[in-house]
Amino acid sequence: TIAPLLEWYQRGLEIGDTASACWCLNSRSYNLFHVGRALDSIQEELEASIEVMTQLRQDARKMRIVILLATVKKLRGIDTEAGDEKMDSLLATAAATGNFSLAAFVNSMKLEVFVIFQQWEEAIELVQKSGNIRLALTSAFNTVRYTFLQTLTYFKAAQSASGKKRKQMKKCGTATLKVIQGWAKNGNVNVVHYLRILEAELDFLQGNVKKAEESFKAAITSSRRNGFRNDTALAHELSSSFYKAKGDEYWTNYHLECSKSCYQEWECSEKVKLLDESQS
């Protein structure tokens, strides 16, 4: 869908339909991010897109690009404090104006960062406080992506919990997992690697060690085969955590190095820095 979105953007400009043109440009930008395009090239496009939308006075669309740009720069370790302040300011504006859609886009990208940085406590807090923001995410890909991150967050919260809370988190994760399974059953090939990652985490949660190991391998393979560098990196890091819990030092380190290599390819400099620090 990425190439057609650029074509439709250009056609929209040609016929004077700037609103539709900027919608296509907005969707293209988020899709590029979610499929794992190198972050440095995405940043260049986002900065150019903001200039275009400013000229066309498409403020609502521009705001969503600003959110994505702040996320990309944070992942690259650029102007992180200014980016955090911008996101907090947008959330305050959304709360004051009742703009649930704006809040949904901010929170979906904040969750993206929490998951990439493996900040699971912050992630589950955001998921629980934000409510069902999938209803306000106008892009299909954004909705799918959030559902994946939400489900993963539930499973990771369950793994670190016990008793009633563990059961509750597992129940929530299983419910949203069924949504993704439905998309896969209906032929959405872009969710197959999401499904494999989540199945691996659920197997891990349930103590099915052998099945979890097979599922993590399938998650890495499907993510890499479909060209999702960001999710290949994530799958490797989750695999590393799995093997660490097993006490297998070799595979723990192997998958951590693979994860770091993938994040380097994605130009996710801040994450690479964090992984280096964790190994020092």
# chains A, B, ... in the order shown; residues from 1 in each chain; ligands from 1

$ closest_atom_pairs --of "region 180-263 of chain A" --to "region 154-166 of chain A" --cutoff "9 Å" --atoms "only C-alpha atoms" --output "JSON lines"
{"residue": "A:Leu198", "atom": "CA", "partner": "A:Phe155", "partner_atom": "CA", "distance": 8.1}
{"residue": "A:Glu201", "atom": "CA", "partner": "A:Phe155", "partner_atom": "CA", "distance": 6.6}
{"residue": "A:Leu202", "atom": "CA", "partner": "A:Phe155", "partner_atom": "CA", "distance": 6.6}
{"residue": "A:Phe204", "atom": "CA", "partner": "A:Gln159", "partner_atom": "CA", "distance": 8.2}
{"residue": "A:Leu205", "atom": "CA", "partner": "A:Gln159", "partner_atom": "CA", "distance": 5.7}
{"residue": "A:Gln206", "atom": "CA", "partner": "A:Gln159", "partner_atom": "CA", "distance": 8.9}

$ residues_around --residues "region 250-266 of chain A" --least-positions-apart "3" --cutoff "9 Å" --atoms "only C-alpha atoms" --output "JSON, numbers by chain"
{"A": [36, 37, 38, 39, 40, 229, 230, 231, 232, 233, 234, 235, 236, 237, 238, 239, 240, 241, 242, 243, 244, 245, 247, 269, 271, 272, 275, 276]}

$ residues_around --residues "Lys129 (chain A)" --least-positions-apart "5" --cutoff "12 Å" --atoms "only C-alpha atoms" --output "ChimeraX atom specification"
/A:103-104,107,111,122-124

$ write_last_selection --atoms "C-alpha atoms" --output "PDB file, in the first residue's frame"
ATOM      1  CA  ALA A 103      -4.694  11.329  22.456  1.00  0.00           C
ATOM      2  CA  ALA A 104      -4.940   7.921  20.767  1.00  0.00           C
ATOM      3  CA  ASN A 107      -0.475   7.102  23.325  1.00  0.00           C
ATOM      4  CA  LEU A 111       3.474   2.549  23.746  1.00  0.00           C
ATOM      5  CA  GLU A 122       5.167   1.971  31.904  1.00  0.00           C
ATOM      6  CA  ALA A 123       3.591   0.086  29.012  1.00  0.00           C
ATOM      7  CA  ILE A 124       0.924  -1.682  31.062  1.00  0.00           C
TER       8      ILE A 124
END

$ select_by_dssp --residues "region 55-170 of chain A" --states "helix (DSSP H, G or I)" --output "ChimeraX atom specification"
/A:55,59-75,80-97,100-116,120-130,133-136,140-159,163-170

$ closest_residue --among "A:Gly77, A:Thr93, A:Val35, A:Leu274" --to "Asn226 (chain A)" --atoms "only C-alpha atoms"
A:Val35

$ closest_residue --among "A:Trp23, A:Phe114, A:Trp8, A:Phe228" --to "Gln150 (chain A)" --atoms "only C-alpha atoms"
A:Phe114

$ residues_around --residues "Arg145 (chain A)" --least-positions-apart "4" --cutoff "9 Å" --atoms "only C-alpha atoms" --output "ChimeraX atom specification"
/A:34,108,112,140-141,149-150,191,194
